[in-house]
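Read the structure below first, then the notes.
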4 protein chains.
Amino acid sequence: MSAMDPRQEADTGLLSPGWAGTVADSLLGDAAVVTAMLDVEVALAAAQARLGVIPRAAADVIATAATAQRLDVAGLVAGVRATANPVVALVARFTAEVAAIDPAASDFVHRGGTSQDILDSALMLLCTRAFGRILGDLDRCADSLAALAARHRDTPMAGRTLTQHAVPITFGLKAAVWLQLVLDALDRCRTVADHSLVASLGGAAGTLAAYAEYARLAGVPTDGGVELIAPFAAELGLREPVLPWHGVRTPIADVAGALTIVTGALGKFATDVQVLTRTEIRELVEPAAPGRGASSAMPQKHNPVFSTLILAAARQQPANALVLFGCMVVEDERSAGGWHAEWQPLRECLRLAVGAAANAAELAAGLTVRPERMRANLDLTGAAVVSERLNAVLAPTVGKAAAKKLLTSVIEEAERTGTDVITLLGRELERHGHPADVDRLGSLVDPAHYLGASTALVDRVLARHRERRPSAAVSS
Amino acid sequence: MSAMDPRQEADTGLLSPGWAGTVADSLLGDAAVVTAMLDVEVALAAAQARLGVIPRAAADVIATAATAQRLDVAGLVAGVRATANPVVALVARFTAEVAAIDPAASDFVHRGGTSQDILDSALMLLCTRAFGRILGDLDRCADSLAALAARHRDTPMAGRTLTQHAVPITFGLKAAVWLQLVLDALDRCRTVADHSLVASLGGAAGTLAAYAEYARLAGVPTDGGVELIAPFAAELGLREPVLPWHGVRTPIADVAGALTIVTGALGKFATDVQVLTRTEIRELVEPAAPGRGASSAMPQKHNPVFSTLILAAARQQPANALVLFGCMVVEDERSAGGWHAEWQPLRECLRLAVGAAANAAELAAGLTVRPERMRANLDLTGAAVVSERLNAVLAPTVGKAAAKKLLTSVIEEAERTGTDVITLLGRELERHGHPADVDRLGSLVDPAHYLGASTALVDRVLARHRERRPSAAVSS
Amino acid sequence: MSAMDPRQEADTGLLSPGWAGTVADSLLGDAAVVTAMLDVEVALAAAQARLGVIPRAAADVIATAATAQRLDVAGLVAGVRATANPVVALVARFTAEVAAIDPAASDFVHRGGTSQDILDSALMLLCTRAFGRILGDLDRCADSLAALAARHRDTPMAGRTLTQHAVPITFGLKAAVWLQLVLDALDRCRTVADHSLVASLGGAAGTLAAYAEYARLAGVPTDGGVELIAPFAAELGLREPVLPWHGVRTPIADVAGALTIVTGALGKFATDVQVLTRTEIRELVEPAAPGRGASSAMPQKHNPVFSTLILAAARQQPANALVLFGCMVVEDERSAGGWHAEWQPLRECLRLAVGAAANAAELAAGLTVRPERMRANLDLTGAAVVSERLNAVLAPTVGKAAAKKLLTSVIEEAERTGTDVITLLGRELERHGHPADVDRLGSLVDPAHYLGASTALVDRVLARHRERRPSAAVSS
Amino acid sequence: MSAMDPRQEADTGLLSPGWAGTVADSLLGDAAVVTAMLDVEVALAAAQARLGVIPRAAADVIATAATAQRLDVAGLVAGVRATANPVVALVARFTAEVAAIDPAASDFVHRGGTSQDILDSALMLLCTRAFGRILGDLDRCADSLAALAARHRDTPMAGRTLTQHAVPITFGLKAAVWLQLVLDALDRCRTVADHSLVASLGGAAGTLAAYAEYARLAGVPTDGGVELIAPFAAELGLREPVLPWHGVRTPIADVAGALTIVTGALGKFATDVQVLTRTEIRELVEPAAPGRGASSAMPQKHNPVFSTLILAAARQQPANALVLFGCMVVEDERSAGGWHAEWQPLRECLRLAVGAAANAAELAAGLTVRPERMRANLDLTGAAVVSERLNAVLAPTVGKAAAKKLLTSVIEEAERTGTDVITLLGRELERHGHPADVDRLGSLVDPAHYLGASTALVDRVLARHRERRPSAAVSS
């Protein structure tokens with residue numbers, strides 16, 4: 001066995017292709033969690049100082065100590081096993097840190113606080129930051145897809161259903177479908193970013209009793225419990241909840257739902273890219289760069305890496321959401337296990353969405369489109385790909401059922417014999433006593449002339465894209 | 001082996017306690033699906049008649065035939081295996097039905113239509129109807145919970161965290177937590193009902209080409225494809241989509257997300273009810289009725305049936321949502337398997353939410369609250385349940401850490417010896433050189449006087465409840 | 001709205017493409033459940049009669065009544081909502097039925113029984129029957145795949161990795177991969193069928209107290225509790241458990257695990273079939289039959305129906321397993337919600353596996369293989385598909401890294417210019433001072449000569465197939 | 001915002017209470033993965049040297065380099081995004097490392113290898129190590145539970161069903177239920193450890209072609225492809241697969257299934273512990289230690305930490321298994337996304353099982369049982385808890401239905417009025433003309449005399465425990 005790294009216990013994303021190498025790591029690593037928890041302790045002290053519950057000077061020392069804090073994550077992890085959360089140990093260490101600067105101030109650390117207030121608020125801070133990145137990358141992705149849809153508004157390609165060529169579409173329409181999904185994801189993320197990212201403040205059992213008690217002891221005239229929620233939330237840049245949400249996990253479920261729609265939307269995009277980059281199809285090529293998509297064995301390989309990374313995320317994400325949805329069902333004022341089961345799936349949910357959005361933005365920006373391959377594939381089945389149209393045209397003359405039957409047999413014969421569909425069709429129509437203008441029939445079967453409302457639909461989605469409000473407002 | 005029923009293949013909810021015996025069965029059974037699919041065929045014909053694509057008379061015959069239709073669900077099920085959807089067989093049968101009334105009209109059935117347009121639109125109709133029921137029952141549930149929260153605004157009980165008594169709360173606050181969850185669920189359901197229940201119309205590959213072609217052949221001047229979407233949606237009372245959504249499954253994901261929040265919210269309510277009805281706790285009693293909650297073996301048993309039914313639904317629901325979220329990731333213009341995997345989980349998702357909402361409405365309406373048991377349990381641990389307060393009061397005098405240490409040891413001794421906490425505490429304070437006014441300390445430890453912001457928080461949720469817009473608008 | 005069916009509440013699989021039209025419906029419908037529950041009541045009485053706890057004559061009347069029983073499933077469904085299980089109502093109705101034949105016998109119905117004993121045992125009976133079908137269909141599927149693997153042991157085709165042509169394989173190897181999966185699934189199912197399908201007998205809280213009490217009152221000398229388990233299990237053809245398993249849900253988890261491996265294995269098979277039936281690839285064709293795979297709109301369409309049905313099942317199944325695994329975590333001697341959440345997912349789990357196995361057996365039996373298309377696709381990229389071999393051959397001469405670099409650039413140039421890889425390669429090797437025998441290089445690049453151990457691997461799997469024990473032993 | 005740690009991107013389990021602080025971190029961290037991948041490269045070289053494909057000296061240098069290797073995980077993570085796996089970058093770095101020792105040897109690194117061979121084999125090594133720990137801890141847990149079951153074989157307590165007291169059981173029986181689950185989990189883990197942990201060796205597309213080609217070039221007479229599998233597996237201490245399993249993911253599914261049964265089994269144990277440690281019930285106390293279970297706010301709190309940690313794992317685990325089961329469904333010879341989605345859920349699956357087993361072993365070893373509280377709770381409902389027995393005794397005299405009705409009303413009256421059940425019952429029997437021996441009735445209602453087969457069942461499970469084969473054989 002080879003030599004061990006002293007930090008061997010760390011997980012830095014080596015087995016997480018869904019987000020490895022994106023900003024998801026530093027944004028959501030353990031240190032970011034600890035930093036966010038300290039941010040919350042600082043905000044609590046600041047809000048209490050604002051109400052007069054603790055001295056302003058103490059709050060300032062607490063803020064200073066948080067900035068100076070040298071994190072010892074390993075010690076906190078041991079604490080997780082002892083007390084089932086990382087806050088108890090953090091508060092002990094942080095209190096010592098404050099005391100080292102000013103012993104008097106240390107009594108005011110975490111005053112009235114409960115572990116869940118600190119950790120839930122910290123996780124909401126991480127959500128805010130992650131949503132900022134996700135929205136930014138989805139915006140970039142949407143812009144690229146909009147450009148593709150506009151540029152290829154009229155580029156014909158085979159529409160495929162149940163794996164078979166069906167009728168023609170345009171590549172613009174396909175890009176518009178992806179864009180529609182990304183716009184849907186943006187909408188849902190913005191709603192959550194605007195409404196569901198709430199501060200958590202409830203105290204031991206959600207009554208805010210200790211906060212109120214310390215306020216009372218400090219002689220603060222107002223209710224130091226309920227009155228503390230708004231300034232605390234304001235310090236953190238989070239929304240104020242109606243109620244402490246220790247047992248009301250809708251904010252987490254909202255985050256899970258929106259982020260699963262993100263990876264679902266991008267997963268559809270990635271799936272289509274993979275189909276269209278297949279060796280036999282080659283209508284799309286993923287953005288190339290030295291070493292990207294390389295194989296350890298085969299020099300010729302150029303693997304579709306971004307779509308692979310996105311699909312890895314999309315396959316994993318619903319399971320995280322499921323755990324989080326399941327954790328709405330918890331017992332009592334604060335749960336023994338249900339709450340604890342949320343933390344890592346929530347972090348992973350954020351990471352996968354951050355990673356997928358980053359990868360999708362790059363994929364969309366660098367995608368190579370090959371209209372000539374699209375046309376070549378579209379022509380593979382001859383007139384069969386517009387059989388629907390022939391059916392519509394013949395039905396009034398020969399009857400709906402008879403038309404379908406006739407076309408089915410003609411197309412089969414054409415496939416079997418390699419003969420042209422229109423020639424065979426003219427012959428059969430003649431034979432059945434419905435002589436037809438073969439030239440006119442022939443003019444109908446150019447796939448590029450049977451695109452339906454493809455371009456109009458592209459325009460509808462592009463209009464939606466133009467009208468959306470910019471994400472800047474919500475990004476942190 | 002015993003005799004077999006000729007309809008033995010039917011599933012009527014015998015193994016589905018989450019919704020058995022509620023309206024979920026008739027609302028979402030196979031016949032309701034078939035009816036909805038016929039409603040969609042009728043709407044398609046009506047919309048096409050409006051645009052002049054088919055004769056009004058044909059649309060009328062189609063509508064008449066749909067009403068007269070004798071359903072043969074069994075035949076359609078066989079068709080599902082042959083063509084991987086129930087629509088191909090339905091159209092064949094329905095066309096024959098129309099032809100029996102008026103052969104000329106039968107050519108206009110399903111004109112330009114694709115299976116997915118019909119089935120997706122039909123499922124959205126079922127969603128509309130199910131959401132109407134869910135919203136109604138959640139409203140009833142919210143009203144009952146609001147009444148409980150108001151009535152027991154000040155009723156003290158033990159707040160429990162990690163299964164242990166923590167600090168006092170009021171039962172009103174607990175009911176307010178449940179109410180907050182139900183209001184959250186209502187909000188999310190209303191948003192989906194108002195925005196995500198869209199008609200599906202795209203034709204074979206989402207270009208609307210055949211619809212447009214038939215319009216062209218009928219000499220209709222406008223684009224008979226895109227122009228058909230709005231009247232079609234209007235006929236069905238569904239929203240108009242920006243784009244055909246064969247490959248854009250956000251509407252389904254939205255439904256899944258909202259309904260999982262419904263069962264999650266109600267699952268929390270049910271879980272708390274089960275804790276509080278335990279034989280040792282008995283603070284709540286589920287609504288009684290003859291035979292309800294009976295055991296086949298034990299005459300004394302009165303099982304908490306409604307909470308059990310709700311929890312069965314809550315345990316199952318996230319898995320349905322997961323499948324539906326996963327089915328956002330599909331290939332091509334229309335998927336071979338991904339779409340098909342949605343139907344039954346979507347139906348089950350609706351059923352479980354309909355069932356859970358109905359059961360929760362009855363549970364909330366009939367819940368018996370026993371304040372005397374709440375008080376008895378609250379007194380079980382003596383002053384320990386307000387140790388947090390004692391800690392706050394002593395900290396300034398004896399120091400934060402010392403206060404916690406002192407209280408921990410005093411409470412342990414009190415538990416072990418059965419002595420009164422305050423007596424022991426006075427003695428210890430004396431011994432440590434901090435003589436205290438024992439009477440004043442004693443006055444602080446009445447749990448009913450350490451309720452924090454319980455009542456203020458109840459009022460905040462009740463205010464939210466009063467301000468919500470009535471659901472009537474969205475129910476069908 | 002159209003006319004309603006009086007049995008509209010029934011679900012007969014209309015939205016369940018994963019198993020619609022297979023035997024899953026009658027095997028696992030509500031009537032089959034009721035029949036199985038009556039089988040269990042009969043077995044209980046028979047076993048008690050064997051021990052002398054109840055009169056043999058009473059057991060005979062009970063058996064007769066079960067045979068004569070006219071099922072009223074609707075009444076039982078209402079009972080599910082009243083008592084949270086279908087057994088309480090069933091016992092009441094069945095007791096009346098027995099009393100109608102012989103009032104004296106009716107007192108001996110369900111003697112000492114508890115609802116969970118009856119329903120769990122009945123579900124295990126359904127499992128036994130379903131596993132019999134699954135094993136039979138997997139065997140049929142394995143035989144067909146073995147025949148395909150043997151016949152196409154040497155048929156070359158492109159090996160595809162990350163969607164791109166990699167190196168050649170044989171179709172026999174691909175079929176062997178599918179066969180290996182089916183054999184794995186068979187093994188796991190047989191293990192479960194042989195060991196995990198246990199009778200449930202525990203009484204009210206798993207102590208068998210009432211069974212023992214009735215035995216005591218009947219003067220039976222042995223312990224009428226524990227002694228009852230073996231004969232009861234024998235009557236049902238189920239295994240005897242070590243312990244009543246009301247709270248030990250491993251048998252259900254075992255079933256879930258094995259059946260998810262079934263749909264997973266078959267889902268891989270179906271996925272590959274879909275790739276290979278794509279219009280651009282066309283190496284495989286699904287079995288054809290009149291009307292199968294028809295489109296409602298496009299006469300030319302021949303959709304891959306069986307693989308679609310199998311994939312629908314494979315996408316849904318893990319979620320059922322997840323619920324069942326989750327239901328291992330239950331409270332107390334018998335759970336309020338956890339047990340109830342198992343029933344329908346277990347039934348659905350069985351249905352999906354039964355359906356997928358039936359569809360896979362037909363798919364494997366009727367698959368058309370097109371070696372000429374395989375060869376044509378294999379030749380699409382010229383020598384690139386054996387670049388790995390060229391790399392190995394050149395490495396000793398030009399160095400490992402240099403060889404890879406050289407090949408990468410040569411293949412890119414060949415792709416870009418349409419020139420032959422070997423010609424370019426000879427030229428470049430010359431230029432770099434490594435003149436090579438171009439003819440020998442050329443002889444290395446026939447894909448049909450770079451199949452590695454394909455055929456040897458096929459033989460290993462075929463040997464495994466031959467050595468497996470026949471499933472007959474476990475099928476019911 | 002506070003200061004950042006330079007290693008802030010690392011995740012060391014801070015949000016993973018299910019395994020934080022156990023050996024899961026070092027056993028399964030990134031460094032352990034890298035070490036295992038190097039172990040695989042070393043094994044590959046050693047096996048090839050054994051066959052004569054590469055020089056023994058080169059294999060020795062490779063082994064030396066692996067031992068000396070200084071890991072740079074961060075560089076590998078960047079590679080994951082470039083090539084969608086960590087192996088390409090690892091091979092480049094490791095080759096350079098070997099070249100630094102002996103340039104000639106470096107050409108023999110990873111000869112013929114493919115990324116998936118290396119990573120899958122490495123993950124199987126991690127599985128082997130993790131299963132060793134899990135089996136060891138489950139064994140310890142089983143031993144402790146067996147001791148509890150034996151010690152409390154006859155300790156009466158209330159059996160609880162649907163949250164209500166049902167009939168008496170013994171605590172020994174409850175411990176036997178937990179033990180039965182742990183033994184089930186042990187069996188399933190051993191089967192997987194013995195049969196499913198297979199080496200992965202297939203080359204680029206599962207044909208072993210490059211391995212064979214290098215053997216051919218080296219003049220090795222046998223088939224250097226298939227013949228390489230056995231020595232390679234032997235070097236790693238893994239089983240030899242029938243077939244390369246790049247697309248045959250049963251080994252992973254087997255691991256997922258067994259580990260979910262582990263957390264499910266332990267989750268049931270933890271759930272029961274939480275019920276029984278509730279403040280109102282207090283029949284069990286979790287093992288205490290300084291600081292363990294401490295609250296940041298409430299001095300009196302002693303939270304049930306181990307059960308909380310176990311439940312957090314049990315709530316998360318099925319979702320990991322679901323992803324892994326879903327990843328059986330992959331396309332082609334090697335998948336673009338499906339394989340990649342497995343890695344982290346597999347690692348997390350292992351971690352959660354390692355963590356849960358470690359925590360359960362400590363919980364079982366240190367659990368305090370309080371028989372006096374069990375007895376006090378059992379007596380809470382008077383004779384009601386044996387109403388089943390009274391029913392059985394009275395049925396022959398007064399009729400089955402009449403007995404149940406009579407008892408129901410008597411128990412209700414007893415509850416309402418506080419009168420003794422037996423007194424009321426005697427009075428009522430008298431009134432209904434069935435005078436009874438009240439003393440004899442009274443003797444029947446001692447719960448300690450209505451334990452059914454509790455002790456016999458304990459003995460059956462203890463016998464199973466004694467007969468199990470020791471785990472030592474499989475632990476690494």
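Numbering starts fresh at 1 for the residues of each chain in the structure tokens, the chains themselves are lettered A, B, ... in the order given, and ligands are numbered from 1 as they appear.
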
Could you list, as a short mmCIF file (atom, residue, chain, number, x, y, z; two decimals) with all heavy atoms, in the first residue's frame, every residue of chain A that has an atom within 6 Å of an atom of chain B, counting only C-alpha atoms?
data_model
loop_
_atom_site.label_atom_id
_atom_site.label_comp_id
_atom_site.auth_asym_id
_atom_site.auth_seq_id
_atom_site.Cartn_x
_atom_site.Cartn_y
_atom_site.Cartn_z
N GLY A 159 -36.62 15.27 -36.72
CA GLY A 159 -37.25 15.13 -35.42
C GLY A 159 -37.30 13.66 -35.09
O GLY A 159 -37.63 12.84 -35.94
N ARG A 160 -36.92 13.33 -33.87
CA ARG A 160 -36.84 11.92 -33.50
C ARG A 160 -37.81 11.62 -32.36
O ARG A 160 -37.81 12.34 -31.36
CB ARG A 160 -35.41 11.56 -33.07
CG ARG A 160 -34.36 11.69 -34.19
CD ARG A 160 -32.95 11.62 -33.67
NE ARG A 160 -31.95 11.64 -34.76
CZ ARG A 160 -31.33 12.74 -35.20
NH1 ARG A 160 -31.57 13.92 -34.63
NH2 ARG A 160 -30.46 12.66 -36.19
N THR A 161 -38.60 10.59 -32.53
CA THR A 161 -39.51 10.19 -31.45
C THR A 161 -39.43 8.68 -31.29
O THR A 161 -39.36 7.95 -32.28
CB THR A 161 -40.96 10.62 -31.75
OG1 THR A 161 -41.45 9.91 -32.86
CG2 THR A 161 -41.05 12.12 -32.03
N LEU A 162 -39.41 8.26 -30.03
CA LEU A 162 -39.20 6.84 -29.71
C LEU A 162 -38.02 6.29 -30.49
O LEU A 162 -38.06 5.19 -31.02
CB LEU A 162 -40.48 6.03 -29.92
CG LEU A 162 -41.55 6.34 -28.83
CD1 LEU A 162 -42.56 7.32 -29.34
CD2 LEU A 162 -42.16 5.09 -28.27
N ALA A 205 -36.80 25.64 21.66
CA ALA A 205 -37.95 24.90 21.14
C ALA A 205 -38.85 25.78 20.28
O ALA A 205 -40.04 25.55 20.17
CB ALA A 205 -38.74 24.28 22.29
N THR A 207 -39.70 28.93 20.72
CA THR A 207 -40.49 29.99 21.38
C THR A 207 -39.70 31.27 21.55
O THR A 207 -40.22 32.26 22.05
CB THR A 207 -40.93 29.55 22.79
OG1 THR A 207 -39.74 29.38 23.60
CG2 THR A 207 -41.71 28.25 22.75
N LEU A 208 -38.43 31.24 21.21
CA LEU A 208 -37.54 32.39 21.38
C LEU A 208 -37.41 32.80 22.85
O LEU A 208 -37.01 33.93 23.16
CB LEU A 208 -38.07 33.60 20.57
CG LEU A 208 -38.14 33.41 19.04
CD1 LEU A 208 -39.31 34.16 18.46
CD2 LEU A 208 -36.84 33.87 18.40
N ALA A 209 -37.72 31.86 23.75
CA ALA A 209 -37.80 32.21 25.17
C ALA A 209 -36.47 32.75 25.73
O ALA A 209 -36.46 33.74 26.46
CB ALA A 209 -38.26 31.00 25.98
N GLY A 257 -36.64 21.31 -4.53
CA GLY A 257 -37.47 21.24 -5.72
C GLY A 257 -36.88 22.06 -6.86
O GLY A 257 -36.76 21.58 -8.00
N GLY A 264 -32.61 18.66 -13.81
CA GLY A 264 -33.49 17.98 -14.76
C GLY A 264 -33.48 18.68 -16.11
O GLY A 264 -33.38 18.05 -17.17
N GLY A 267 -30.16 18.20 -17.67
CA GLY A 267 -30.01 16.80 -18.02
C GLY A 267 -30.67 16.48 -19.36
O GLY A 267 -30.15 15.67 -20.15
N LYS A 268 -31.80 17.10 -19.62
CA LYS A 268 -32.44 16.93 -20.94
C LYS A 268 -31.54 17.48 -22.04
O LYS A 268 -31.33 16.83 -23.08
CB LYS A 268 -33.79 17.66 -20.92
CG LYS A 268 -34.38 18.04 -22.27
CD LYS A 268 -34.79 16.82 -23.08
CE LYS A 268 -35.45 17.20 -24.41
NZ LYS A 268 -35.47 16.06 -25.36
N THR A 271 -28.62 15.09 -22.50
CA THR A 271 -29.03 13.85 -23.15
C THR A 271 -29.14 14.03 -24.65
O THR A 271 -28.68 13.19 -25.44
CB THR A 271 -30.40 13.39 -22.58
OG1 THR A 271 -30.24 13.15 -21.19
CG2 THR A 271 -30.88 12.13 -23.26
N ASP A 272 -29.76 15.12 -25.06
CA ASP A 272 -29.89 15.38 -26.50
C ASP A 272 -28.51 15.57 -27.13
O ASP A 272 -28.26 15.08 -28.24
CB ASP A 272 -30.76 16.62 -26.74
CG ASP A 272 -32.24 16.30 -26.60
OD1 ASP A 272 -32.61 15.11 -26.61
OD2 ASP A 272 -33.04 17.25 -26.47
N PRO A 318 -32.17 13.89 -8.07
CA PRO A 318 -33.49 13.61 -7.50
C PRO A 318 -33.42 12.86 -6.17
O PRO A 318 -34.27 13.06 -5.30
CB PRO A 318 -34.19 12.79 -8.59
CG PRO A 318 -33.52 13.21 -9.87
CD PRO A 318 -32.07 13.44 -9.48
N LEU A 322 -35.23 13.86 -2.79
CA LEU A 322 -36.11 12.92 -2.09
C LEU A 322 -35.81 12.88 -0.59
O LEU A 322 -36.73 12.89 0.23
CB LEU A 322 -35.94 11.55 -2.71
CG LEU A 322 -36.64 10.39 -2.02
CD1 LEU A 322 -37.25 9.45 -3.03
CD2 LEU A 322 -35.68 9.64 -1.12
N MET A 328 -39.18 16.64 5.62
CA MET A 328 -40.27 17.48 6.12
C MET A 328 -41.03 16.76 7.23
O MET A 328 -41.63 17.40 8.08
CB MET A 328 -41.26 17.81 4.98
CG MET A 328 -40.73 18.74 3.92
SD MET A 328 -42.03 19.24 2.75
CE MET A 328 -43.00 20.38 3.77
N VAL A 329 -40.99 15.45 7.16
CA VAL A 329 -41.76 14.65 8.11
C VAL A 329 -40.89 14.37 9.33
O VAL A 329 -40.10 13.43 9.35
CB VAL A 329 -42.23 13.33 7.46
CG1 VAL A 329 -43.06 12.51 8.44
CG2 VAL A 329 -43.05 13.64 6.20
N VAL A 330 -40.99 15.24 10.31
CA VAL A 330 -40.17 15.13 11.52
C VAL A 330 -41.05 15.28 12.75
O VAL A 330 -42.12 15.86 12.69
CB VAL A 330 -39.06 16.21 11.55
CG1 VAL A 330 -37.91 15.83 10.65
CG2 VAL A 330 -39.63 17.57 11.20
N GLU A 331 -40.55 14.77 13.86
CA GLU A 331 -41.35 14.77 15.08
C GLU A 331 -40.94 15.92 16.00
O GLU A 331 -39.81 16.38 15.97
CB GLU A 331 -41.16 13.44 15.82
CG GLU A 331 -39.87 13.32 16.63
CD GLU A 331 -38.61 13.20 15.78
OE1 GLU A 331 -38.73 13.06 14.55
OE2 GLU A 331 -37.51 13.28 16.35
N ASP A 332 -41.88 16.38 16.78
CA ASP A 332 -41.58 17.28 17.91
C ASP A 332 -41.13 18.69 17.45
O ASP A 332 -41.19 19.03 16.28
CB ASP A 332 -40.50 16.67 18.81
CG ASP A 332 -40.95 15.38 19.50
OD1 ASP A 332 -42.16 15.11 19.55
OD2 ASP A 332 -40.07 14.66 19.98
N GLU A 333 -40.70 19.46 18.43
CA GLU A 333 -40.26 20.83 18.14
C GLU A 333 -38.95 20.84 17.36
O GLU A 333 -38.72 21.72 16.53
CB GLU A 333 -40.13 21.63 19.44
CG GLU A 333 -41.45 22.24 19.90
CD GLU A 333 -42.56 21.22 20.01
OE1 GLU A 333 -42.53 20.39 20.94
OE2 GLU A 333 -43.47 21.22 19.14
N ARG A 334 -38.09 19.88 17.66
CA ARG A 334 -36.88 19.69 16.86
C ARG A 334 -36.59 18.21 16.83
O ARG A 334 -36.68 17.53 17.84
CB ARG A 334 -35.70 20.49 17.45
CG ARG A 334 -35.83 22.01 17.17
CD ARG A 334 -34.81 22.83 17.95
NE ARG A 334 -33.49 22.29 17.77
CZ ARG A 334 -32.55 22.29 18.75
NH1 ARG A 334 -32.80 22.83 19.94
NH2 ARG A 334 -31.38 21.78 18.50
N SER A 335 -36.21 17.74 15.67
CA SER A 335 -36.19 16.31 15.42
C SER A 335 -34.86 15.65 15.78
O SER A 335 -33.81 16.29 15.74
CB SER A 335 -36.47 16.10 13.93
OG SER A 335 -36.08 14.82 13.51
N ALA A 336 -34.92 14.37 16.11
CA ALA A 336 -33.71 13.59 16.42
C ALA A 336 -33.38 12.68 15.25
O ALA A 336 -33.66 11.49 15.27
CB ALA A 336 -33.93 12.78 17.69
N GLY A 452 -43.56 22.73 -40.19
CA GLY A 452 -44.65 23.16 -39.32
C GLY A 452 -44.37 24.53 -38.75
O GLY A 452 -43.90 25.44 -39.45
N ALA A 453 -44.64 24.65 -37.46
CA ALA A 453 -44.51 25.95 -36.80
C ALA A 453 -43.14 26.11 -36.13
O ALA A 453 -42.98 26.96 -35.23
CB ALA A 453 -45.62 26.10 -35.77
N SER A 454 -42.16 25.35 -36.59
CA SER A 454 -40.86 25.38 -35.90
C SER A 454 -40.36 26.80 -35.65
O SER A 454 -40.01 27.17 -34.53
CB SER A 454 -39.80 24.62 -36.71
OG SER A 454 -40.11 23.25 -36.78
#

Which of range 278-393 of chain C counts as strand (DSSP E) under DSSP, as JSON, numbers by chain please?
-> {"C": [284, 285, 368, 369]}

Quick one: pick out all alpha helix (DSSP H) residues within range 57-224 of chain B from a backbone DSSP run and write them as a PyMOL selection string.
-> chain B and resi 57-68+73-83+87-101+103-106+115-151+171-195+209-217

Which residues come within 10 Å of Asp72 in chain B, counting only C-alpha atoms, excluding same-chain residues fewer than 4 positions away, as a PyMOL selection string?
-> (chain B and resi 31+34+76-77+90+93) or (chain C and resi 5)

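One finds CA of Gly418 in chain B at 28.7 Å from CA of Glu415 in chain D.
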
Separation of CA of Leu27 in chain C and CA of Leu352 in chain C, in Å?
-> 12.1 Å

With only C-alpha atoms as the basis for distance, which of A:Glu348, A:Ala150, A:Ala233, A:Val445 is at the shortest distance from Gln48 in chain A?
->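 Once distances to Gln48 in chain A are computed over only C-alpha atoms, the minimum belongs to A:Ala233.
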
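Taking CA of Asn303 in chain B as the reference point, CA of Ala289 in chain B is found at 11.4 Å.
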